[in-house]
Amino acid sequence: MKKVLFLISFLFSFFAFSETDSSDSTRFFEKQLQNGMTLIYYKIPNSEISSIYLGFKAGSRYDEFGYEGESQLLEMMAFKGTVRIGSKNFDEESKLSKDLENIGDQITLLQAEGKSGKDVDDLIKKALLLKSKIEPLQAPLAFAKWFYDLGAKNRYAKSSKDFFEIGSSFPKESLEAVMAIEGEWFVQPAFRNFYEERAILYDYQSKVAKENVNDKYQILYSDSFGRKMTRGLPNANKITMQKFREYFKKALNPKFGVIVICGDYLFEYVDNLAETFFGKIVSDQEKPLFMDEIKNDKKVFSYLIEDELLLTIKKDDIEPEREAMLDLFTSNLFQSDSPIFSETFKKQVLRGMIINGDPGLCPPNLFLLRFQLKENSVGEEARKNLRNSLEKNVFSKLSSQDFEKIKRNILKNVYSNSEKIDDLARSIGEGFLISGDPQYFIDYTTSLEKMTQQDANRIANSFFACLKE
């Protein structure tokens with residue numbers, strides 16, 4: 001799982017906060033807007049810089065089957081502006097764009113059916129002519145320029161495998177203007193240069209498809225989800241503009257999204273702005289655009305795939321203390337002087353890595369370890385030795401010095417990831433999307449800081465108990 005790393009005491013000193021308990025939950029204000037969207041406000045006293053984060057569970061693992069690439073197109077379109085910003089003459093641009101959309105979708109459907117010839121060539125010529133008329137009407141950099149003229153920093157839009165996210169940091173006095181323009185994009189986006197961006201994405205997908213090894217995980221994926229994995233296939237060229245508009249409404253469903261504001265304001269002010277600018281986001285989608293979670297009741301899956309050994313464990317829940325333990329565990333696969341794994345197992349593997357909820361492969365409630373076997377290793381023996389290594393008291397195999405070293409390394413990473421206020425808003429938002437708890441990021445960090453070697457053993461023994469089944 002994408003980890004929420006945040007050391008709250010450091011942030012308080014960084015922004016010269018007033019004296020308050022670093023774990024004080026009274027800084028949090030949470031509310032649902034009328035359209036169902038969650039608003040989280042985190043007060044930062046005396047800060048002249050603010051940040052906003054908008055997140056939805058609409059990453060690539062939620063793309064509709066046969067239309068892989070929708071979420072990446074969502075990211076690309078997030079920089080194209082709105083009906084108000086990005087056009088020199090929107091009425092004329094809109095009229096021509098609708099004609100281009102009709103022709104472009106006709107071409108897409110014909111090509112998806114494998115058709116070509118004069119009819120398709122004529123449509124392409126018409127599309128190119130329309131494109132030549134539309135381009136002079138557009139102001140490609142206007143949207144980004146608007147933000148930076150305002151003093152905003154780090155404005156980003158990102159589609160990961162987990163989330164679709166938009167955020168930025170900006171001067172305190174610019175909150176209303178930023179919320180207004182971001183809200184406008186969600187309600188009145190402009191999908192400029194859609195077909196060009198789709199072509200770029202398709203070329204990229206085709207390149208990745210030649211190199212990817214997703215076929216190695218077909219068995220794992222089928223066992224876990226009960227259906228064949230199609231991720232990684234080059235399908236972006238099949239997405240029509242009409243299809244993308246439908247996806248936009250499904251993916252950015254306010255009932256399954258979150259707004260996070262960090263700054264020094266009255267909550268009533270933030271609440272009013274959120275309702276005004278984001279309360280207009282609507283969706284007819286009643287269910288979240290989530291891919292199915294694991295249907296199999298079995299808790300442990302282990303596989304031998306060519307020269308690899310994979311062990312996956314289904315999590316019963318996602319909670320901060322367990323996640324902190326898993327981070328401590330996975331950061332120390334082979335690095336320390338007193339490794340967790342037995343020498344017997346180490347002799348059979350070249351290296352190990354964690355794909356802890358890498359959502360392109362599996363959801364956050366599936367913990368996956370992947371090991372590359374040494375040449376001539378016997379896979380079944382390696383699988384047995386792996387289970388034996390994890391059977392009981394795995395952290396007792398570490399020296400106390402190594403255990404503290406692991407903690408320091410993770411907390412050092414926490415510091416470096418938490419120096420910017422937009423990282424703070426993003427950490428809160430992602431933690432909420434993962435767990436449904438706005439305080440997840442505090443609880444996770446607190447668990448990590450306070451965890452002793454005995455605590456880690458206790459939690460690990462509980463988590464890995466299913467290996468005995």
# chains A, B, ... in the order shown; residues from 1 in each chain; ligands from 1

$ residues_around --residues "Lys126 in chain A" --least-positions-apart "5" --cutoff "9 Å" --atoms "only C-alpha atoms" --output "PyMOL selection string"
chain A and resi 100+103+121+131

$ residues_around --residues "range 192-206 of chain A" --least-positions-apart "6" --cutoff "8 Å" --atoms "only C-alpha atoms" --output "PyMOL selection string"
chain A and resi 69+72-73+76-77+80+104+232-237+241

$ write_last_selection --atoms "C-alpha atoms" --output "PDB file, in the first residue's frame"
ATOM      1  CA  GLY A  69      -5.838   3.994 -19.812  1.00  0.00           C
ATOM      2  CA  GLN A  72      -4.100   8.290 -17.277  1.00  0.00           C
ATOM      3  CA  LEU A  73      -6.243  10.272 -19.712  1.00  0.00           C
ATOM      4  CA  MET A  76      -3.728  14.460 -18.971  1.00  0.00           C
ATOM      5  CA  MET A  77      -7.039  16.279 -19.243  1.00  0.00           C
ATOM      6  CA  LYS A  80      -6.256  21.421 -20.259  1.00  0.00           C
ATOM      7  CA  GLY A 104     -13.130  11.371 -33.820  1.00  0.00           C
ATOM      8  CA  GLY A 232      -1.103  -3.474 -19.209  1.00  0.00           C
ATOM      9  CA  LEU A 233      -2.786  -4.177 -22.539  1.00  0.00           C
ATOM     10  CA  PRO A 234      -2.725  -1.275 -25.028  1.00  0.00           C
ATOM     11  CA  ASN A 235      -6.414  -0.298 -25.018  1.00  0.00           C
ATOM     12  CA  ALA A 236      -6.318   3.503 -24.840  1.00  0.00           C
ATOM     13  CA  ASN A 237      -7.032   3.834 -28.574  1.00  0.00           C
ATOM     14  CA  MET A 241     -14.715  10.884 -26.096  1.00  0.00           C
TER      15      MET A 241
END

$ select_by_dssp --residues "range 50-131 of chain A" --states "strand (DSSP E or B)" --output "PyMOL selection string"
chain A and resi 50-56+82+87

$ write_last_selection --atoms "C-alpha atoms" --output "compact mmCIF listing (two decimals), in the first residue's frame"
# COMPACT_ATOMS: atom_id res chain seq x y z
CA SER A 50 -2.17 26.81 2.64
CA SER A 51 -2.78 23.67 0.63
CA ILE A 52 -5.61 21.80 -1.01
CA TYR A 53 -5.92 18.14 -1.96
CA LEU A 54 -8.72 16.44 -3.87
CA GLY A 55 -8.61 12.68 -4.14
CA PHE A 56 -10.74 9.89 -5.57
CA THR A 82 -11.92 24.79 -18.13
CA SER A 87 -9.62 29.36 -24.71

$ closest_residue --among "A:Phe403, A:Phe248, A:Phe463, A:Phe186" --to "Lys315 in chain A" --atoms "only C-alpha atoms"
A:Phe463

$ closest_residue --among "A:Tyr265, A:Phe191, A:Tyr247, A:Phe341" --to "Glu173 in chain A" --atoms "only C-alpha atoms"
A:Tyr265

$ closest_residue --among "A:Ser174, A:Ser71, A:Gln138, A:Asn253" --to "Gly36 in chain A" --atoms "only C-alpha atoms"
A:Asn253

$ residues_around --residues "Ser168 in chain A" --least-positions-apart "4" --cutoff "10 Å" --atoms "only C-alpha atoms" --output "list in words"
Ser50, Ser51, Ile52, Tyr53, Leu54, Phe147, Ala152, Lys153, Asn154, Arg155, Tyr156, Ala157, Val178, Ile421, Asp422, Asp423, Ala425 and Arg426 of chain A

$ write_last_selection --atoms "N, CA and C atoms" --output "PDB file, in the first residue's frame"
ATOM      1  N   SER A  50      -1.102  27.790   2.501  1.00  0.00           N
ATOM      2  CA  SER A  50      -2.172  26.807   2.639  1.00  0.00           C
ATOM      3  C   SER A  50      -2.039  25.759   1.542  1.00  0.00           C
ATOM      4  N   SER A  51      -2.806  24.705   1.669  1.00  0.00           N
ATOM      5  CA  SER A  51      -2.778  23.667   0.633  1.00  0.00           C
ATOM      6  C   SER A  51      -4.152  23.042   0.474  1.00  0.00           C
ATOM      7  N   ILE A  52      -4.364  22.494  -0.707  1.00  0.00           N
ATOM      8  CA  ILE A  52      -5.609  21.800  -1.009  1.00  0.00           C
ATOM      9  C   ILE A  52      -5.270  20.460  -1.655  1.00  0.00           C
ATOM     10  N   TYR A  53      -6.067  19.463  -1.352  1.00  0.00           N
ATOM     11  CA  TYR A  53      -5.922  18.142  -1.959  1.00  0.00           C
ATOM     12  C   TYR A  53      -7.316  17.626  -2.282  1.00  0.00           C
ATOM     13  N   LEU A  54      -7.479  17.101  -3.485  1.00  0.00           N
ATOM     14  CA  LEU A  54      -8.716  16.438  -3.873  1.00  0.00           C
ATOM     15  C   LEU A  54      -8.356  15.051  -4.366  1.00  0.00           C
ATOM     16  N   PHE A 147      -2.582  29.692 -12.198  1.00  0.00           N
ATOM     17  CA  PHE A 147      -2.170  29.264 -10.862  1.00  0.00           C
ATOM     18  C   PHE A 147      -0.896  29.973 -10.417  1.00  0.00           C
ATOM     19  N   ALA A 152       0.490  30.315  -6.580  1.00  0.00           N
ATOM     20  CA  ALA A 152       0.383  28.903  -6.209  1.00  0.00           C
ATOM     21  C   ALA A 152       1.677  28.172  -6.548  1.00  0.00           C
ATOM     22  N   LYS A 153       1.985  27.166  -5.744  1.00  0.00           N
ATOM     23  CA  LYS A 153       3.171  26.346  -5.947  1.00  0.00           C
ATOM     24  C   LYS A 153       2.759  24.882  -6.093  1.00  0.00           C
ATOM     25  N   ASN A 154       3.537  24.161  -6.854  1.00  0.00           N
ATOM     26  CA  ASN A 154       3.404  22.698  -6.908  1.00  0.00           C
ATOM     27  C   ASN A 154       2.011  22.216  -7.292  1.00  0.00           C
ATOM     28  N   ARG A 155       1.333  22.913  -8.178  1.00  0.00           N
ATOM     29  CA  ARG A 155       0.020  22.434  -8.612  1.00  0.00           C
ATOM     30  C   ARG A 155       0.219  21.141  -9.388  1.00  0.00           C
ATOM     31  N   TYR A 156      -0.431  20.075  -8.950  1.00  0.00           N
ATOM     32  CA  TYR A 156      -0.233  18.784  -9.595  1.00  0.00           C
ATOM     33  C   TYR A 156      -1.574  18.101  -9.837  1.00  0.00           C
ATOM     34  N   ALA A 157      -1.595  17.252 -10.821  1.00  0.00           N
ATOM     35  CA  ALA A 157      -2.696  16.319 -11.055  1.00  0.00           C
ATOM     36  C   ALA A 157      -2.048  14.993 -11.369  1.00  0.00           C
ATOM     37  N   VAL A 178      -8.472  29.627  -5.530  1.00  0.00           N
ATOM     38  CA  VAL A 178      -8.018  28.284  -5.897  1.00  0.00           C
ATOM     39  C   VAL A 178      -9.178  27.293  -5.859  1.00  0.00           C
ATOM     40  N   ILE A 421       3.842  21.694   2.728  1.00  0.00           N
ATOM     41  CA  ILE A 421       2.469  21.681   3.211  1.00  0.00           C
ATOM     42  C   ILE A 421       1.541  20.914   2.275  1.00  0.00           C
ATOM     43  N   ASP A 422       1.872  20.873   0.957  1.00  0.00           N
ATOM     44  CA  ASP A 422       1.021  20.102   0.064  1.00  0.00           C
ATOM     45  C   ASP A 422       1.201  18.605   0.295  1.00  0.00           C
ATOM     46  N   ASP A 423       2.386  18.186   0.764  1.00  0.00           N
ATOM     47  CA  ASP A 423       2.571  16.790   1.141  1.00  0.00           C
ATOM     48  C   ASP A 423       1.715  16.440   2.354  1.00  0.00           C
ATOM     49  N   ALA A 425      -1.268  17.800   3.197  1.00  0.00           N
ATOM     50  CA  ALA A 425      -2.654  17.628   2.751  1.00  0.00           C
ATOM     51  C   ALA A 425      -2.825  16.308   2.008  1.00  0.00           C
ATOM     52  N   ARG A 426      -1.845  15.971   1.202  1.00  0.00           N
ATOM     53  CA  ARG A 426      -1.923  14.723   0.436  1.00  0.00           C
ATOM     54  C   ARG A 426      -1.873  13.509   1.366  1.00  0.00           C
TER      55      ARG A 426
END

$ atom_distance --atom1 "CA of Ile305 in chain A" --atom2 "CA of Val394 in chain A"
25.5 Å
